[in-house]
Each structure stands twice: as structure tokens, then as C-alpha cells.
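Read through the structure below, which is laid out as C-alpha cells, and then see the notes.
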Amino acid sequence: MSVVRLRCAIYTRKSSEEGLEQNFNSLHAQREACEAYVLSQAGEGWNAVKTAYDDGGYSGGSMDRPGLQQLMADIQRGLVDVVVVYKVDRLTRSLADFAKIVELFDAKGVSFVSVTQAFNTTSSMGRLTLNVLLSFAQFEREVTGERIRDKVAASKAKGLRMGGQPPLGYDIVDGRLAVNKVEAARVQRIFQRYLELGTLLDLVREGVEAKRWVNKSGRMVGGGMMGRGALHYLLTNPAYRGITRHHEKRYEDTHPAIIDAGLWDAVQTRLAATNASQPKTEKRGEASKLEGLIFDDRDNLMVPVHTKRVARRYRYYVSRPVLTGQGRAGSLHRIPAGVLEQFLAERIGPMLAPAWRPAEDLLDRIVAALRSATLSEDQIAVRLVADALSPAATSASAVPIDDDGCATLRIAFFMRRRGAIVLQAPGAAAAPADRIDRALVRAIALARVWAVELESGQVDSIKSLARREGLCNHYATRLLPLAYLAPDLIDEILEGRQPRNLTLSALTAEPLPLDWGRQRERFRELAAS
Amino acid sequence: MSAGDHLAGLDALSLAELRAAWTERLGGELPKLRTRELMALALAHRLQIRVHGDLPGSSKRRMAELARRFREDRGYTPTPGPNLRPGTTLIKEWRGVRHEVWVLEEGFSYMGQRFGSLSEVAQHITGTKWNGRVFFGLKERRR
């Protein structure tokens, strides 16, 4: 009689990762027992497959385990006839999951053997046994969970800490929060300082150091600078009023408070007043479609924000550093969204090829063509997919197209305060920004301030002035005369009309003449040279 | 009297003589400058301002603003402001409504009407007196 060859897959699992690094661990032990069992059934044609289906450190509560997934996949492909496990609960601890697994086994004609729990899934009695077994396994899990939850709730009601880092201002003594005097003073300062500054962001900018703490395993954790979220959490943490929180329940006077009721209420009122409540998504009205495409001239993303004032919602694109307090924002760091969107619609709209997404709304067509828009004080640089532009637009302005198939257009644009814009006349040559000598303007502007300080005695000597500004005496002495430059010459330099050869070093190379007329002559000489 | 005569001889004076000259010719409080060169420059500058006038207020304010920005930001680079050549458009959102003004050779055009100054346009839009340059954001409002 020929014996049918049965391919046996051995599946092992262990919940905790503890001990897995050992040469011979629980997984090995399970495997050996299973292999021995398969071997004992060799007469029946049983044969262990090479693949090891191991899940080290995975709970039996979920099906999300790589070894199990692999096993299920192989069963699907018909590579397995028998699944061998050490105990049933290795496969799963959840009755619902087990039903799913058994369903797959039945469909593929796979039988299932547990080495230490003898039963046969092909009979109804065997299935009942298995279900009872698993029901109890699940029951045990649930009861354990409930027991732990009840214990946590009872402990919290008594004000006991259930592990974890204590809030800044407290230490844990005998499982309770005890005031740490030094940190408590810091917490009080943070609350007061918030009231003085009035915004979380200013507080973040000032810098608040987070609690440093040695955790259970002896590692030093924390101590970084607190962000907005962390500070908000701190300022609203009822622990500082002596309250222990457990889900919705609050238990009062479980430990000493650090913040008195007056300060606490003032801070909460302030927080509530400044919190622009997020509108419900469906009420947001127009979406900020340019999200992710707008940058300032320091390459910060400008993100859409909105704020509400008297029943009217205002949308803006704002440089990220303004919101996070990290990094530096560019020269134009906030623009009303409507202004920007309309500007692009008017300026880019006519340049789009008529065939570019003709069915969509104009702004959507622009968004589809736009790769990025970089805003600075005096222009917008728009990067557009060249295919989206009409031939007339690309040829007229002779825009070069880069390797990515994009064209960059620069549009003169002056964003002024309070929603006003100046669009320069298209034909007008842009003001000669390059003619403005930054070094020269800077030297004159600073020299004028310094001169006032010296004349009034606010600063007692050039020496102390130079020290304050981080300059050497000699350099400060050389720049200071610029404060007494003739007014018309200052205007020339301000507007970039000065002679080309006039540089800061040329102008300060020799002592400045007292006479404005002579100063003008100096300008003319430099222009001629 | 030319400016040159006015300043003649200042170059040769000592610090003490310059102080005396300041008190004599300008009066008022003596600047607390302690170098001869700066004192001479300051005195000459004041005397010439008397005769020829000082930097216009707008330039003075621009200088002060620039100094503030240079100190705040080491990398600050000034850019020229917009210049209102004919053909330039001014756009202002006011109370949720967008208003567009064209700069003409002479005056301004708003909704097909001609105006002599931005202030007139601003008054037409808002119904109140406004400094036109402030309303259109060309100038910062003084606080």
C-alpha cells in the first residue's frame, strides 16, 4: 500500500521578546517538540517542510504576525497538508480569528494538530473541544484585562501614580506625586510668563526646558526644549491643581497643588480666548488649494491658516517659522490667501494653454500646472509645467525650460501691509535692485544711529560702541563719518543712484570732507575713475 | 555767504576750539563727541543743514527703518519699494471687497473715474479721509 506524503508545516510563536536572543529559546523548544511529533508519524507519511514559520515577540491576540501570514499564504497556494503546533493557543488566542483560520484550513483540506493537546478537528466533538478551549483562553484574556483596568482605576482614585514620567514640578514618592520645590517654582514661572506674554508661541520662542528625568531603567530622558503642544499640555494639566485624572473622572486633592486657583483660572481663560477653534471641515468654505506649493524666500513652506474675526473667516498663507518659532521666515511671511489666489488667477490664467484641463475651474487648472511659487518682497517666482503654458506665453517672454520640463516666471509684485498690492506696470523696467549697495546703505544707516548715540552720550566712547557692535575700533571709526554725509548723497545711495565705482571702501578710504560741496566732488571723482 | 566760507577754518580747530565754536555758532546742548574729527564733521553738518536743509523726513524714516532691520537681521538686504509709474496697478482689499486703481501719467483711475490723488480714491472707497499712501500700503502708518 502506497503511503500518501503529507507536508507538515510547523508554526511556533512566543509573545515576549525576552530570551529570544538565546541560542536555544522557547521557539526552538516548540519546534523540536513538533519535529519529534512529525517524525513519530513518519509511518503515516508525515514529512516536515523546510520553511520555519516562527513569530518571536508577537501576541496571539492579533493575526498581524509575519510568520502566520506566511503560513496562511502557503496554505492558500496549496503547499501545506498539515499544520503542527505545540499548543492551540500558539496559533491564536482569539475565537473569532480561530474561526477564520479553521475556515481556510477546511477550504484547503488542511488538518491541524496540536502536539500537547490531542484532538482531531475533522470530528464535530473535536471542534467543540477546541472551541471550548479557546473560549476559555479568550475569557481569561478579557478577565485579566478587566482586572488590570479596575486596579488602575482604583489606584487613580486614591491618587496613586501608575508609572510613567511625573509632570514637571513633581517627583514620585511612594507612588504618589510629591512637590519638587525647584521644579514647582519653574512651573509657576511658566504659568506667569504665559500670562505676561499672552501667546504660546512667544513662550516657545523664549525657550522652556522640559523635565529631565531618570526613568525606571535608569536612563536619563527628556530635557529638550518644549514645543507648543507640550506647553499647552503643561498649562492645562489638572495635576497642578492637585487633581488626578482618569479618563473622564477627576479625583480632587490627591496630591499637593502647585498652581493656585486664581493663576490657574487666568491661564485657562487666556488659553480659551486665544484658541482659534478649528472650524468643522464642511464649514471651512473655500479650501486653500495652493497648500504645499507656496514658499517664502528662505525656502520655508507657507502653510494655509485661517482665523476668525467677527463672523468673517480670513485665510492666509503663513511661513512655517512664524507658526513654529523654529527657523527664520523670509521677507514676506504672510499673505492673504484670496489676494494670492486671485493674483495667480489673473496673471497665470491667461498664460495657460486652452487645452490644459479645459473642464476645470481656473484655480484648479493653475494648481495642476504649478510646481511652486516663491514669494519675496518684490516678486513672485512661479515654477510651472511648460506643457501647461500656451505657446504664445512661452515664446513671448522667452522663458527657458529646465530639465524637469518646467518654466520659471518672475513677476514683479509688491505686497504691502493690510492686503494692498502693487503690480508694477508690465513694460516698466524693474527698479534697479542691484544698484542698491547693501554694504553702503547698511554702513550709513548704522553710522547715523551710532552718531546719535555718541552725541547724546548714550554710548560714552567709540571703543565701547565698537565692543557692543562686535566691530574693531578702527572699523567703527572709519564708518562713523558717514553719518554726516550730505543729504542729497544719502538719497542717491538710498535709491541706488550713486556712481557705480562708489563702494564703501572707496568712500571711506580717505577722511570725509566737512563741506557737502567737497563731498559731492568726491562722488564725481569716484564716478570718473 | 557760501557754505565754503561758512566752514572755513574748521579743519584747523582743536577739539576744545570746536566745542567753543559750537556754543558760539549753534548754541544748544554740546554733543558728547570726544574726537576732533567727528566733532568737526558734526559741527559742519549742523551748519550746512541750517543753510541747505536736512534729509527729507521720508528718507530719515527710511534710514531709521533700515537701521532697525539691519540690526535685527544680519542677512537683511534692502529692496527698492514699488515706484508708481503709469500703468502700475494698485490692488487693495477693503472690507472683503477688492479695489483696483490704475496709475496714470497724471493722477489715478478708479472704476473709470479719474482722481487727482490716492487720498481722493481712498476717500471715495471708504467715505472717510485717509492718507492714500497709507490706505494703499505704500507707507506704514505711524503709531
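In the C-alpha cells, each chain is lettered A, B, ... as it comes, each chain's residues begin at 1, and ligands are numbered from 1 in order of appearance.
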Env of Val38 (chain A): 12 Å cut, atoms = only C-alpha atoms, seq-sep filter 3 positions within chain, self excluded. Answer as a count of residues only.
27
Apply DSSP to the backbone of this structure and, from region 384-528 of chain A, keep only the residues in strand (DSSP E); write these as a JSON list (two decimals) with C-alpha atoms, in the first residue's frame.
[["chain", "number", "residue", "atom", "x", "y", "z"],
["A", 384, "LEU", "CA", 5.08, 75.99, -13.98],
["A", 385, "VAL", "CA", 4.91, 72.83, -16.06],
["A", 406, "CYS", "CA", 9.27, 73.49, -16.01],
["A", 407, "ALA", "CA", 9.45, 77.17, -16.76],
["A", 408, "THR", "CA", 10.14, 79.75, -14.07],
["A", 409, "LEU", "CA", 8.43, 83.10, -14.43],
["A", 410, "ARG", "CA", 9.24, 86.08, -12.28],
["A", 411, "ILE", "CA", 6.51, 88.58, -11.73],
["A", 412, "ALA", "CA", 7.15, 91.95, -10.12],
["A", 414, "PHE", "CA", 4.86, 94.32, -4.06],
["A", 415, "MET", "CA", 2.86, 93.02, -1.19],
["A", 420, "ALA", "CA", -2.65, 96.00, -0.55],
["A", 421, "ILE", "CA", -0.61, 95.01, -3.57],
["A", 422, "VAL", "CA", 1.26, 96.96, -6.19],
["A", 423, "LEU", "CA", 1.56, 95.36, -9.59]]
Write out as a ChimeraX atom specification which residues come within 9 Å of region 510-512 of chain A when counting only C-alpha atoms, dropping same-chain ones fewer than 4 positions away.
/A:478,481-482,484-485,506,518-519,522 /B:37,41
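Counting from CA of Thr307 (chain A), the distance to CA of Ser319 (chain A) is 15.2 Å.
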Fewer than 6 positions away in the same chain doesn't count, so skip those; otherwise give me all residues within 9 Å of region 112-128 of chain B, counting only C-alpha atoms, as number ranges by chain.
B: 94, 99, 101, 104, 106, 134-136
Would you give me, as an MDAnalysis selection string, the residues of chain B that come within 7 Å of chain A, using only C-alpha atoms?
chainID B and resid 4 31:33 38 41:42 44:45 54:55 59 63:64 66:67 70 77:80 82 85:93 136:138
Non-local contacts of Gly262 (chain A) (12 Å; only C-alpha atoms; under 5 positions in same chain excluded) as a tab-separated table (two decimals) with N, CA and C atoms, in the first residue's frame:
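So result-v6.tsv came out as:
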chain	number	residue	atom	x	y	z
A	191	PHE	N	3.67	79.42	34.09
A	191	PHE	CA	2.27	79.89	34.09
A	191	PHE	C	2.23	81.42	34.05
A	192	GLN	N	3.05	82.04	34.93
A	192	GLN	CA	3.03	83.50	34.99
A	192	GLN	C	3.53	84.12	33.69
A	195	LEU	N	1.05	84.21	30.98
A	195	LEU	CA	0.09	85.31	31.11
A	195	LEU	C	0.70	86.63	30.64
A	241	ARG	N	-3.39	71.40	39.89
A	241	ARG	CA	-4.41	71.81	40.85
A	241	ARG	C	-4.65	70.70	41.88
A	267	VAL	N	-4.98	81.56	33.46
A	267	VAL	CA	-4.31	80.91	32.32
A	267	VAL	C	-5.33	80.19	31.45
A	268	GLN	N	-6.28	79.49	32.07
A	268	GLN	CA	-7.27	78.76	31.27
A	268	GLN	C	-8.11	79.72	30.45
A	269	THR	N	-8.47	80.86	31.06
A	269	THR	CA	-9.28	81.85	30.32
A	269	THR	C	-8.50	82.37	29.12
Please identify all polymer residues within 12 Å of Ala99 (chain A), counting only C-alpha atoms, omitting same-chain residues fewer than 4 positions from it, and present them as a list in words.
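Using only C-alpha atoms, the neighbours found are Met63, Leu91, Thr92, Arg93, Ser94, Leu95, Glu103, Leu104, Phe105, Asp106, Thr121, Arg127, Leu128, Leu130, Asn131, Leu134 and Ser135 of chain A.
The space separating CA of Gln188 (chain A) from CA of Gly223 (chain A) comes to 17.9 Å.
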If we count only C-alpha atoms, what is near Ala21 (chain B) at a cut-off of 9 Å, once residues fewer than 6 positions away on the same chain are taken out, given as a PyMOL selection string?
chain B and resi 10+27+43
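For the atom pair formed by CA of Ala388 (chain A) and CA of Asn300 (chain A), the distance is 25.7 Å, given to one decimal.
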Quick one: pick out all alpha helix (DSSP H) residues within region 3-140 of chain B from a backbone DSSP run and write them as a ChimeraX atom specification.
/B:3-7,15-25,36-52,57-72,118-126,132-135
